[in-house]
Amino acid sequence: MRAMEIRGAYGLENLALAERDVPKAGPGQIVVRLKAACLNYRDLATVMGMGGQYPLPLVPLSDSAGEVVEAGEGVSRVAVGDRVCPIFFPTWHAGGPTVEGLSKALGGTLDGCAQDYLLIGEDGVVKLPDYLSDMEAAMLPCAALTAWRALIVEGNLKAGDTVLVQGTGGVSIFALQFAKAAGARVIITSSSDEKLERAKALGADHTINYSQTKDWGRAARGFTGSVGVDHVVEVGGAETFTQSLAAIRVGGHIAVIGLLSGVVKDMNVATMFSQNARIHGITVGSRAHFEDMLKAMALHEIRPVIDSTYGLEELQAGLGHMGAAGHFGKIGIEIA
């Protein structure tokens with residue numbers, strides 16, 4: 001079978017196509033014939049050596065969808081022929097995050113999804129609703145679940161809340177879609193007026209071009225009558241966090257998800273406690289969270305927004321497109 005591997009050293013130039021044996025399912029395991037995968041910023045960071053130092057060669061990518069083609073002895077949760085998504089953390093099944101649950105991740109501590117077949121425990125997948133295509137389903141395990149946990153699980157989002165979403169990448173667009181389905185109001189930022197118009201078409205209530213409005217946190221607060229937003233989906237990291245604090249209402253919730261603008265920054269701690277801000281680090285979610293999300297998505301027939309797709313052999317080009325930050329929504333990888 002084909003597998004894209006990071007070989008020898010980290011870097012896009014060290015991604016190469018390899019041939020591996022098709023895996024065989026042991027007791028409690030399944031083999032999934034992968035049909036589609038997708039890219040997350042974490043995948044780019046991993047390939048570039050910024051997402052952890054793992055033994056090489058490593059097969060990257062955390063997100064995919066496919067069909068169960070072999071089931072080992074004792075497997076009962078799924079059957080051959082079922083369409084499934086492997087989950088980001090295959091051993092985090094329910095409850096809150098734990099060291100054990102977060103210790104194994106596809107495309108990191110475990111080989112990932114940039115390959116034709118994936119061997120995984122039966123507990124590490126979810127069944128897919130019929131209305132989603134394989135490519136659409138492949139968009140969900142990381143970005144969608146992160147947005148779901150940030151707003152629904154940890155944020156307790158309710159109708160009438162106001163959500164500030166940063167940018168128009170995968171997590172942010174899913175957050176927009178989930179928030180609108182829940183009856184919330186959404187403010188979204190981007191440096192592109194074209195992307196902001198596309199976000200409006202998806203239901204965004206207010207838009208801010210942050211390249212033109214430098215103090216965009218206060219601009220977002222202005223849309224709430226100066227009260228402040230209820231939730232911020234914080235994907236920027238160090239350089240955007242102060243703006244998130246400027247935007248949030250007293251007692252509001254900031255879901256810290258991404259590090260796109262950096263990792264370390266001096267912070268105004270006084271603002272944090274004076275605002276009584278609830279600051280929550282979010283690292284994807286559990287299998288139970290995923291299954292709840294799929295039920296809600298099916299009820300509202302929410303479909304991922306796909307920017308573009310590449311073949312498995314074009315993984316370098318797809319990651320380069322992600323690095324250029326020109327995408328809107330998700331970038332897919334065709335495998336089958």
# chains A, B, ... in the order shown; residues from 1 in each chain; ligands from 1
>>> residues_around(residues="Leu151 of chain A", least_positions_apart="4", cutoff="9 Å", atoms="only C-alpha atoms", output="ChimeraX atom specification")
/A:146-147,155-157,163,175,178-179,231-233,253,255
>>> residues_around(residues="Tyr310 of chain A", least_positions_apart="3", cutoff="7 Å", atoms="only C-alpha atoms", output="PyMOL selection string")
chain A and resi 314-315+318+332-334
>>> closest_residue(among="A:Leu44, A:Ala336, A:Val59, A:Ile120", to="Gly26 of chain A", atoms="only C-alpha atoms")
A:Ile120
>>> residues_around(residues="Tyr10 of chain A", least_positions_apart="3", cutoff="6 Å", atoms="only C-alpha atoms", output="JSON, numbers by chain")
{"A": [47, 48, 49]}
>>> closest_residue(among="A:Gly236, A:Pro97, A:Pro60, A:Gly228", to="Thr168 of chain A", atoms="only C-alpha atoms")
A:Gly236
>>> residues_around(residues="Gly326 of chain A", least_positions_apart="5", cutoff="12 Å", atoms="only C-alpha atoms", output="JSON, numbers by chain")
{"A": [167, 168, 169, 170, 190, 191, 192, 194, 195, 307, 308, 318, 319, 320, 321, 331]}
>>> write_last_selection(atoms="C-alpha atoms", output="PDB file, in the first residue's frame")
ATOM      1  CA  GLY A 167     -10.219  33.935  10.775  1.00  0.00           C
ATOM      2  CA  THR A 168     -11.785  31.629   8.207  1.00  0.00           C
ATOM      3  CA  GLY A 169      -9.823  28.396   8.589  1.00  0.00           C
ATOM      4  CA  GLY A 170     -11.311  25.030   9.462  1.00  0.00           C
ATOM      5  CA  SER A 190     -10.319  38.148   8.449  1.00  0.00           C
ATOM      6  CA  SER A 191      -7.778  40.217   6.542  1.00  0.00           C
ATOM      7  CA  SER A 192      -9.692  39.480   3.314  1.00  0.00           C
ATOM      8  CA  GLU A 194     -13.678  38.466  -0.062  1.00  0.00           C
ATOM      9  CA  LYS A 195     -13.482  35.871   2.726  1.00  0.00           C
ATOM     10  CA  ASP A 307     -11.591  24.895  -0.023  1.00  0.00           C
ATOM     11  CA  SER A 308      -9.691  22.531  -2.324  1.00  0.00           C
ATOM     12  CA  GLY A 318      -1.550  20.755  -0.075  1.00  0.00           C
ATOM     13  CA  LEU A 319       0.497  21.582   2.999  1.00  0.00           C
ATOM     14  CA  GLY A 320       2.132  24.441   1.112  1.00  0.00           C
ATOM     15  CA  HIS A 321      -1.320  25.814   0.299  1.00  0.00           C
ATOM     16  CA  ILE A 331      -8.216  21.346   2.498  1.00  0.00           C
TER      17      ILE A 331
END
>>> select_by_dssp(residues="segment 158-336 of chain A", states="helix (DSSP H, G or I)", output="PyMOL selection string")
chain A and resi 170-181+193-201+216-222+241-247+269-274+287-300+312-323
>>> residues_around(residues="Pro129 of chain A", least_positions_apart="4", cutoff="12 Å", atoms="only C-alpha atoms", output="ChimeraX atom specification")
/A:65,82-85,133-134,136-137,291-299,301-303
>>> write_last_selection(atoms="C-alpha atoms", output="compact mmCIF listing (two decimals), in the first residue's frame")
# COMPACT_ATOMS: atom_id res chain seq x y z
CA ALA A 65 -12.67 8.66 6.57
CA ASP A 82 -19.20 0.28 7.88
CA ARG A 83 -18.12 3.81 6.97
CA VAL A 84 -16.08 5.28 9.81
CA CYS A 85 -13.83 8.12 10.91
CA SER A 133 -19.55 12.00 1.61
CA ASP A 134 -16.21 10.41 2.49
CA GLU A 136 -16.88 15.68 3.91
CA ALA A 137 -16.55 13.22 6.78
CA GLU A 291 -20.77 11.06 18.35
CA ASP A 292 -22.84 13.85 19.91
CA MET A 293 -21.53 16.28 17.29
CA LEU A 294 -22.48 13.93 14.45
CA LYS A 295 -26.05 13.70 15.77
CA ALA A 296 -26.36 17.50 15.79
CA MET A 297 -24.78 17.83 12.36
CA ALA A 298 -27.19 15.26 10.90
CA LEU A 299 -30.18 17.03 12.48
CA GLU A 301 -27.52 18.70 7.80
CA ILE A 302 -24.39 20.75 8.39
CA ARG A 303 -21.78 20.15 5.69
>>> residues_around(residues="Val171 of chain A", least_positions_apart="5", cutoff="12 Å", atoms="only C-alpha atoms", output="PyMOL selection string")
chain A and resi 39-42+139-151+165-166+176-179+233-236+255-258+282-284+304-305+328-330
>>> closest_residue(among="A:Thr162, A:Ser274, A:Thr46, A:Thr91", to="Gly225 of chain A", atoms="only C-alpha atoms")
A:Thr162
>>> residues_around(residues="His93 of chain A", least_positions_apart="5", cutoff="12 Å", atoms="only C-alpha atoms", output="ChimeraX atom specification")
/A:86-88,98,100-102,121-126,285-291
>>> select_by_dssp(residues="segment 134-327 of chain A", states="strand (DSSP E or B)", output="ChimeraX atom specification")
/A:162-166,169,185-190,206-209,229-234,248-256,278-281,306-311
>>> atom_distance(atom1="atom CA of Ala159 of chain A", atom2="atom CA of Ala181 of chain A")
9.0 Å
>>> closest_residue(among="A:Gly52, A:Gly203, A:Gly66, A:Gly72", to="Gly107 of chain A", atoms="only C-alpha atoms")
A:Gly52
>>> atom_distance(atom1="atom CA of Glu73 of chain A", atom2="atom CA of Val99 of chain A")
28.6 Å
>>> atom_distance(atom1="atom CA of Phe174 of chain A", atom2="atom CA of Arg77 of chain A")
27.7 Å
>>> closest_residue(among="A:Glu154, A:Asp63, A:Asp161, A:Glu313", to="Met135 of chain A", atoms="only C-alpha atoms")
A:Asp63
>>> decode(residues="segment 25-69 of chain A", atoms="N, CA and C atoms", output="compact mmCIF listing (two decimals), in the first residue's frame")
# COMPACT_ATOMS: atom_id res chain seq x y z
N ALA A 25 -5.60 -7.22 10.87
CA ALA A 25 -6.29 -6.93 12.13
C ALA A 25 -6.06 -8.04 13.14
N GLY A 26 -5.63 -7.67 14.34
CA GLY A 26 -5.53 -8.60 15.44
C GLY A 26 -6.78 -8.54 16.30
N PRO A 27 -6.81 -9.21 17.43
CA PRO A 27 -7.99 -9.17 18.31
C PRO A 27 -8.33 -7.73 18.71
N GLY A 28 -9.60 -7.37 18.56
CA GLY A 28 -10.05 -6.04 18.93
C GLY A 28 -9.68 -4.94 17.96
N GLN A 29 -9.06 -5.29 16.85
CA GLN A 29 -8.60 -4.30 15.89
C GLN A 29 -9.39 -4.37 14.59
N ILE A 30 -9.34 -3.29 13.83
CA ILE A 30 -9.94 -3.24 12.50
C ILE A 30 -8.94 -2.63 11.52
N VAL A 31 -9.14 -2.94 10.24
CA VAL A 31 -8.39 -2.29 9.17
C VAL A 31 -9.38 -1.44 8.39
N VAL A 32 -9.05 -0.16 8.23
CA VAL A 32 -9.91 0.77 7.51
C VAL A 32 -9.23 1.12 6.18
N ARG A 33 -9.96 0.92 5.07
CA ARG A 33 -9.50 1.38 3.76
C ARG A 33 -9.83 2.86 3.68
N LEU A 34 -8.82 3.70 3.76
CA LEU A 34 -9.05 5.13 3.80
C LEU A 34 -9.41 5.66 2.42
N LYS A 35 -10.42 6.51 2.37
CA LYS A 35 -10.90 7.07 1.11
C LYS A 35 -10.49 8.53 0.96
N ALA A 36 -10.46 9.26 2.06
CA ALA A 36 -10.16 10.69 2.02
C ALA A 36 -9.54 11.10 3.35
N ALA A 37 -8.78 12.18 3.30
CA ALA A 37 -8.18 12.76 4.50
C ALA A 37 -8.26 14.27 4.38
N CYS A 38 -7.84 14.97 5.43
CA CYS A 38 -7.80 16.43 5.33
C CYS A 38 -6.64 16.96 6.14
N LEU A 39 -6.37 18.26 5.93
CA LEU A 39 -5.22 18.90 6.55
C LEU A 39 -5.66 19.83 7.67
N ASN A 40 -4.85 19.84 8.72
CA ASN A 40 -4.98 20.78 9.81
C ASN A 40 -3.63 21.48 9.99
N TYR A 41 -3.65 22.66 10.62
CA TYR A 41 -2.39 23.37 10.84
C TYR A 41 -1.44 22.50 11.66
N ARG A 42 -1.98 21.70 12.53
CA ARG A 42 -1.13 20.81 13.34
C ARG A 42 -0.33 19.86 12.44
N ASP A 43 -0.91 19.43 11.32
CA ASP A 43 -0.19 18.54 10.41
C ASP A 43 1.01 19.25 9.79
N LEU A 44 0.81 20.50 9.38
CA LEU A 44 1.91 21.27 8.82
C LEU A 44 3.01 21.46 9.87
N ALA A 45 2.60 21.80 11.10
CA ALA A 45 3.59 21.97 12.17
C ALA A 45 4.36 20.69 12.42
N THR A 46 3.67 19.54 12.39
CA THR A 46 4.33 18.25 12.61
C THR A 46 5.35 17.97 11.53
N VAL A 47 4.96 18.16 10.27
CA VAL A 47 5.89 17.89 9.17
C VAL A 47 7.11 18.80 9.25
N MET A 48 6.89 20.03 9.70
CA MET A 48 7.99 20.99 9.79
C MET A 48 8.82 20.82 11.06
N GLY A 49 8.44 19.88 11.93
CA GLY A 49 9.20 19.64 13.14
C GLY A 49 8.86 20.57 14.28
N MET A 50 7.72 21.28 14.17
CA MET A 50 7.32 22.22 15.23
C MET A 50 6.20 21.65 16.10
N GLY A 51 5.77 20.44 15.82
CA GLY A 51 4.65 19.85 16.56
C GLY A 51 5.06 18.71 17.46
N GLY A 52 6.33 18.60 17.77
CA GLY A 52 6.82 17.50 18.60
C GLY A 52 7.86 16.71 17.83
N GLN A 53 8.78 16.12 18.54
CA GLN A 53 9.84 15.32 17.92
C GLN A 53 9.51 13.84 18.07
N TYR A 54 8.99 13.28 17.00
CA TYR A 54 8.57 11.88 17.01
C TYR A 54 9.58 11.04 16.22
N PRO A 55 9.65 9.74 16.53
CA PRO A 55 10.55 8.88 15.76
C PRO A 55 10.15 8.87 14.28
N LEU A 56 11.15 8.91 13.42
CA LEU A 56 10.93 8.87 11.98
C LEU A 56 11.37 7.52 11.43
N PRO A 57 10.76 7.05 10.34
CA PRO A 57 9.74 7.72 9.52
C PRO A 57 8.38 7.76 10.22
N LEU A 58 7.61 8.79 9.89
CA LEU A 58 6.27 8.98 10.46
C LEU A 58 5.29 9.28 9.35
N VAL A 59 4.13 8.63 9.40
CA VAL A 59 3.03 8.95 8.48
C VAL A 59 2.20 10.06 9.14
N PRO A 60 2.12 11.25 8.52
CA PRO A 60 1.38 12.35 9.14
C PRO A 60 -0.12 12.28 8.86
N LEU A 61 -0.83 13.26 9.36
CA LEU A 61 -2.28 13.53 9.21
C LEU A 61 -3.10 12.79 10.26
N SER A 62 -3.99 13.53 10.87
CA SER A 62 -4.85 12.97 11.92
C SER A 62 -6.25 12.65 11.45
N ASP A 63 -6.69 13.24 10.33
CA ASP A 63 -8.11 13.18 9.94
C ASP A 63 -8.32 12.38 8.67
N SER A 64 -9.32 11.49 8.71
CA SER A 64 -9.62 10.70 7.51
C SER A 64 -10.99 10.06 7.66
N ALA A 65 -11.43 9.44 6.57
CA ALA A 65 -12.67 8.66 6.57
C ALA A 65 -12.47 7.50 5.62
N GLY A 66 -13.16 6.39 5.89
CA GLY A 66 -13.03 5.24 5.02
C GLY A 66 -13.99 4.13 5.39
N GLU A 67 -13.67 2.94 4.93
CA GLU A 67 -14.55 1.79 5.10
C GLU A 67 -13.80 0.66 5.80
N VAL A 68 -14.46 0.04 6.77
CA VAL A 68 -13.88 -1.11 7.46
C VAL A 68 -13.82 -2.28 6.48
N VAL A 69 -12.60 -2.81 6.26
CA VAL A 69 -12.44 -3.93 5.33
C VAL A 69 -12.02 -5.21 6.03
